[in-house]
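Take a look at the structure below.
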Amino acid sequence: MNLGKILLIEDEELIRETVALALTEEGYDVTTVADGKTALEILRLNPPNQDSTPELQPDLVILDLMLPNINGLDLCRLLRRQGSTVPILMLSAKGTETDRVVGLEVGADDYLTKPFGMRELVARCRALLRRQHQFQPPSSTNNTHNSGSIVVPENLPKASPSLSYQDIGMYPEECRVIVRNVEINLSPKEYKILELFLRHPKRVWSRDQLLERVWGHDFIGDSKTVDVHIRWLREKLELDPSRPIHLVTVRGFGYRLG
């Protein structure tokens with residue numbers, strides 16, 4: 001039984017073969033790549049024309065940080081810049097808090113430090129895939145720019161948004177968010193965080209509460225991933241992300257909407 005497609009990008013042969021075998025035995029369809037350049041070619045992140053489609057559309061990417069040719073951070077950043085919401089589990093021998101935060105900031109969903117236990121890796125993959133399947137936003141054929149916004153006034157819903165706050169409107173049934181008459185692209189996690197805030201305006205949420213409500217009880221990772229996702233949301237919602245007026249930090253407690 002095929003539980004999903006996983007792209008494993010790892011230059012150390014022993015780790016690559018061991019991880020691929022473990023995931024294959026669990027029922028996943030695993031494609032292995034040894035360097036960033038080959039991964040680019042497989043994913044076609046730099047297609048010759050916009051009509052090109054990826055050679056491989058994985059359900060999960062396991063990405064080593066230190067890769068030849070193109071490193072994992074650049075590859076992760078490029079994936080996110082081009083609008084991909086595929087879950088990314090980053091592997092690295094660098095395990096400091098700074099290294100983990102950098103990995104999360106460029107777009108990784110989880111971070112696992114080498115050496116790691118195979119059962120933990122499989123569990124993290126299973127959790128990432130489960131969360132991804134819980135919410136799959138509809139694909140859009142509109143062109144995006146680096147801020148993640150799409151100007152599509154002719155396609156805006158005519159009905160009032162089900163959830164709204166000031167200049168933010170959310171249409172849960174359509175998985176669409178409009179900010180100042182512009183539709184924005186949100187990752188599944190960003191969408192869930194915003195929906196939670198919109199359903200409970202003015203309520204203060206701690207990091208632990210957000211992790212539990214958005215990432216789930218089985219999340220294994222750094223709580224700072226919440227701060228990273230809040231930062232991404234601010235870049236898409238706020239006129240001045242450095243001085244937010246929507247997603248406000250309540251020092252010592254957490255975050256609230258308004």
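Residue numbering restarts at 1 for every chain of the structure tokens, chains are lettered A, B, ... in their displayed order, and ligands are numbered from 1 as they appear.
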
So that I can check the surroundings of range 105-117 of chain A, please list as a PDB file with C-alpha atoms, in the first residue's frame every protein, DNA and RNA residue that reaches within 8 Å of it, counting only C-alpha atoms and ignoring chain neighbours fewer than 4 positions away.
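So the final result, stored in result.pdb, reads:
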```
ATOM      1  CA  LEU A  73      18.562  26.101   2.899  1.00  0.00           C
ATOM      2  CA  CYS A  76      13.996  25.039   0.799  1.00  0.00           C
ATOM      3  CA  ARG A  77      13.838  28.788   0.234  1.00  0.00           C
ATOM      4  CA  ARG A  80       8.649  28.234  -0.695  1.00  0.00           C
ATOM      5  CA  PRO A  87       5.849  19.571   4.041  1.00  0.00           C
ATOM      6  CA  ILE A  88       9.631  19.707   4.490  1.00  0.00           C
ATOM      7  CA  LEU A  89      11.547  17.793   7.153  1.00  0.00           C
ATOM      8  CA  MET A  90      15.064  19.185   7.366  1.00  0.00           C
ATOM      9  CA  LEU A  91      17.965  16.979   8.484  1.00  0.00           C
ATOM     10  CA  SER A  92      21.207  18.403   9.821  1.00  0.00           C
ATOM     11  CA  ALA A  93      24.189  17.629  12.004  1.00  0.00           C
ATOM     12  CA  LYS A  94      23.864  21.224  13.252  1.00  0.00           C
ATOM     13  CA  GLY A  95      21.616  21.132  16.271  1.00  0.00           C
ATOM     14  CA  ARG A 100      16.906  25.141  13.957  1.00  0.00           C
ATOM     15  CA  VAL A 101      15.359  28.605  13.808  1.00  0.00           C
ATOM     16  CA  LEU A 121      12.082   9.984  11.759  1.00  0.00           C
ATOM     17  CA  LEU A 128       3.693  15.808   8.788  1.00  0.00           C
ATOM     18  CA  GLY A 221       9.729  19.970  17.396  1.00  0.00           C
ATOM     19  CA  THR A 225       8.125  27.394  14.855  1.00  0.00           C
ATOM     20  CA  VAL A 228       8.261  31.872  12.594  1.00  0.00           C
TER      21      VAL A 228
END
```

At a cut-off of 10 Å, using only C-alpha atoms, what residues contact Met118 in chain A? Leave out same-chain residues fewer than 2 positions from it and give the result as a ChimeraX atom specification. /A:18-19,22-23,115-116,120-124

Those selected residues, please, written with N, CA and C atoms and delivered as a CSV table (one decimal), in the first residue's frame.
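The result, stored in out_20.csv:
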```csv
chain,number,residue,atom,x,y,z
A,18,THR,N,19.5,3.9,4.2
A,18,THR,CA,18.9,3.4,5.4
A,18,THR,C,17.5,4.0,5.6
A,19,VAL,N,17.4,5.3,5.4
A,19,VAL,CA,16.1,6.0,5.6
A,19,VAL,C,15.2,5.6,4.5
A,22,ALA,N,13.8,2.1,5.4
A,22,ALA,CA,12.8,2.2,6.5
A,22,ALA,C,11.5,2.7,6.1
A,23,LEU,N,11.5,3.8,5.3
A,23,LEU,CA,10.2,4.4,4.8
A,23,LEU,C,9.5,3.5,3.8
A,115,PRO,N,22.9,12.6,15.0
A,115,PRO,CA,22.2,11.3,14.6
A,115,PRO,C,20.8,11.2,15.1
A,116,PHE,N,19.9,10.5,14.4
A,116,PHE,CA,18.5,10.4,14.9
A,116,PHE,C,18.1,8.9,14.9
A,120,GLU,N,11.9,7.6,15.2
A,120,GLU,CA,11.5,9.0,15.4
A,120,GLU,C,11.3,9.7,14.0
A,121,LEU,N,12.2,9.4,13.1
A,121,LEU,CA,12.1,10.0,11.8
A,121,LEU,C,10.8,9.5,11.1
A,122,VAL,N,10.5,8.2,11.2
A,122,VAL,CA,9.2,7.7,10.6
A,122,VAL,C,8.0,8.4,11.2
A,123,ALA,N,8.1,8.6,12.6
A,123,ALA,CA,7.0,9.2,13.3
A,123,ALA,C,6.8,10.6,12.9
A,124,ARG,N,7.9,11.4,12.7
A,124,ARG,CA,7.8,12.7,12.2
A,124,ARG,C,7.2,12.8,10.8
```

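Between CA of Pro244 in chain A and CA of Arg231 in chain A the interatomic distance comes to 9.9 Å.
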
Counting only C-alpha atoms, the option among A:Ser187, A:His200, A:Val86, A:Leu65 closest to Asp99 in chain A: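 Of the candidates, the smallest distance to Asp99 in chain A is held by A:Leu65.
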
Considering only C-alpha atoms, return as a list in words whatever protein or nucleic-acid residues lie within 9 Å of Leu3 in chain A, sequence-local ones (same chain, fewer than 5 positions apart) excluded. Glu26, Gly27, Tyr28 and Asp29 of chain A

With N, CA and C atoms retained, export the selected residues as a compact mmCIF listing (two decimals), in the first residue's frame.
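Just written: selection-v8.txt:
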```txt
# COMPACT_ATOMS: atom_id res chain seq x y z
N GLU A 26 7.62 0.95 5.49
CA GLU A 26 6.41 1.49 6.12
C GLU A 26 5.28 1.69 5.11
N GLY A 27 5.60 1.57 3.81
CA GLY A 27 4.57 1.69 2.79
C GLY A 27 4.62 2.96 1.97
N TYR A 28 5.71 3.73 2.08
CA TYR A 28 5.85 4.96 1.31
C TYR A 28 6.61 4.71 0.01
N ASP A 29 6.29 5.51 -0.99
CA ASP A 29 6.99 5.48 -2.27
C ASP A 29 8.12 6.50 -2.19
```

From the list A:Leu196, A:Val226, A:Ile220, A:Leu257, which residue is nearest Arg126 in chain A when using only C-alpha atoms? A:Ile220

Of A:Ala20, A:Asn185, A:Leu210, A:Pro201, the one sitting nearest Arg81 in chain A when using only C-alpha atoms is A:Asn185

Which residues come within 6 Å of range 167-169 of chain A, counting only C-alpha atoms, excluding same-chain residues fewer than 2 positions away, as a ChimeraX atom specification? /A:161,163-165,177-180

Selected residues written out, N, CA and C atoms, as a CSV table (one decimal), in the first residue's frame:
```csv
chain,number,residue,atom,x,y,z
A,161,PRO,N,-17.6,37.7,3.7
A,161,PRO,CA,-16.8,36.6,4.3
A,161,PRO,C,-17.4,36.1,5.5
A,163,LEU,N,-15.8,34.8,8.1
A,163,LEU,CA,-15.0,35.3,9.2
A,163,LEU,C,-14.3,36.6,8.7
A,164,SER,N,-14.3,37.6,9.6
A,164,SER,CA,-13.7,38.9,9.2
A,164,SER,C,-13.2,39.6,10.4
A,165,TYR,N,-12.2,40.5,10.2
A,165,TYR,CA,-11.7,41.4,11.2
A,165,TYR,C,-11.1,42.5,10.4
A,177,VAL,N,-8.6,33.8,1.5
A,177,VAL,CA,-8.4,34.9,2.4
A,177,VAL,C,-8.2,36.2,1.6
A,178,ILE,N,-8.9,37.2,1.9
A,178,ILE,CA,-8.8,38.5,1.2
A,178,ILE,C,-8.3,39.6,2.2
A,179,VAL,N,-7.3,40.3,1.9
A,179,VAL,CA,-6.7,41.3,2.7
A,179,VAL,C,-6.7,42.6,1.9
A,180,ARG,N,-7.4,43.6,2.3
A,180,ARG,CA,-7.5,44.9,1.5
A,180,ARG,C,-7.8,44.7,0.0
```

Apply DSSP to the structure's backbone, then extract all residues of range 33-243 of chain A labelled strand (DSSP E or B) and return them as a ChimeraX atom specification. /A:33,60-64,88-92,110-113,149-150,163-165,168-171,176-179,182-184,205

Selection to disk with N, CA and C atoms, as a compact mmCIF listing (two decimals), in the first residue's frame:
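Output contents, as saved in part_22.txt:
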```txt
# COMPACT_ATOMS: atom_id res chain seq x y z
N VAL A 33 17.63 11.29 -3.88
CA VAL A 33 18.48 12.20 -4.64
C VAL A 33 19.69 12.52 -3.78
N LEU A 60 5.87 14.73 0.59
CA LEU A 60 6.76 15.13 1.67
C LEU A 60 8.19 15.17 1.12
N VAL A 61 8.96 16.16 1.57
CA VAL A 61 10.37 16.26 1.20
C VAL A 61 11.21 16.14 2.46
N ILE A 62 12.16 15.21 2.45
CA ILE A 62 13.15 15.11 3.52
C ILE A 62 14.43 15.69 2.96
N LEU A 63 14.91 16.76 3.58
CA LEU A 63 15.97 17.57 2.97
C LEU A 63 17.15 17.73 3.91
N ASP A 64 18.31 17.26 3.47
CA ASP A 64 19.53 17.45 4.24
C ASP A 64 19.99 18.90 4.10
N ILE A 88 8.19 19.92 4.59
CA ILE A 88 9.63 19.71 4.49
C ILE A 88 10.19 19.36 5.86
N LEU A 89 10.82 18.20 5.95
CA LEU A 89 11.55 17.79 7.15
C LEU A 89 13.02 17.98 6.87
N MET A 90 13.65 18.88 7.60
CA MET A 90 15.06 19.18 7.37
C MET A 90 15.94 18.36 8.29
N LEU A 91 17.00 17.76 7.72
CA LEU A 91 17.96 16.98 8.48
C LEU A 91 19.28 17.75 8.55
N SER A 92 19.93 17.71 9.71
CA SER A 92 21.21 18.40 9.82
C SER A 92 21.99 17.91 11.02
N ASP A 110 9.65 21.00 9.94
CA ASP A 110 10.22 20.30 11.10
C ASP A 110 11.72 20.16 10.89
N TYR A 111 12.43 19.89 11.98
CA TYR A 111 13.89 19.87 11.94
C TYR A 111 14.36 18.72 12.81
N LEU A 112 15.17 17.84 12.25
CA LEU A 112 15.66 16.67 12.97
C LEU A 112 17.18 16.67 12.93
N THR A 113 17.79 16.57 14.12
CA THR A 113 19.24 16.65 14.23
C THR A 113 19.87 15.26 14.14
N SER A 149 1.01 37.44 -2.55
CA SER A 149 -0.29 38.03 -2.84
C SER A 149 -0.65 37.85 -4.29
N ILE A 150 -1.96 37.78 -4.57
CA ILE A 150 -2.45 37.67 -5.94
C ILE A 150 -3.55 38.71 -6.11
N LEU A 163 -15.78 34.83 8.06
CA LEU A 163 -14.99 35.32 9.18
C LEU A 163 -14.30 36.60 8.74
N SER A 164 -14.32 37.60 9.58
CA SER A 164 -13.67 38.85 9.19
C SER A 164 -13.20 39.63 10.41
N TYR A 165 -12.20 40.45 10.16
CA TYR A 165 -11.70 41.38 11.18
C TYR A 165 -11.07 42.55 10.45
N ILE A 168 -9.50 42.14 6.94
CA ILE A 168 -9.22 40.73 6.66
C ILE A 168 -10.54 39.98 6.52
N GLY A 169 -10.70 39.23 5.45
CA GLY A 169 -11.89 38.42 5.26
C GLY A 169 -11.51 36.99 4.91
N MET A 170 -12.17 36.02 5.53
CA MET A 170 -11.88 34.60 5.27
C MET A 170 -13.15 33.89 4.81
N TYR A 171 -13.00 33.06 3.79
CA TYR A 171 -14.08 32.25 3.25
C TYR A 171 -13.70 30.79 3.45
N ARG A 176 -10.19 30.65 1.14
CA ARG A 176 -9.67 31.88 0.57
C ARG A 176 -9.60 32.96 1.63
N VAL A 177 -8.57 33.81 1.51
CA VAL A 177 -8.40 34.92 2.43
C VAL A 177 -8.16 36.19 1.61
N ILE A 178 -8.91 37.23 1.93
CA ILE A 178 -8.80 38.51 1.23
C ILE A 178 -8.31 39.56 2.22
N VAL A 179 -7.27 40.27 1.87
CA VAL A 179 -6.74 41.35 2.71
C VAL A 179 -6.66 42.62 1.87
N VAL A 182 -7.29 42.14 -1.78
CA VAL A 182 -6.31 41.32 -2.49
C VAL A 182 -6.33 39.93 -1.89
N GLU A 183 -6.43 38.91 -2.73
CA GLU A 183 -6.37 37.54 -2.25
C GLU A 183 -4.93 37.17 -1.97
N ILE A 184 -4.68 36.55 -0.82
CA ILE A 184 -3.33 36.14 -0.46
C ILE A 184 -3.23 34.62 -0.38
N TRP A 205 -3.34 33.78 22.78
CA TRP A 205 -2.95 32.38 22.63
C TRP A 205 -1.46 32.24 22.93
```

Asp218 in chain A proximity check over A:Arg203, A:Val250, A:Gln57, A:Arg130, using only C-alpha atoms: winner is A:Arg130

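Counting from CA of His229 in chain A, the distance to CA of Gln166 in chain A is 21.0 Å.
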
Could you check how far CA of Leu43 in chain A sits from CA of Asp59 in chain A, in Å to one decimal? 12.2 Å
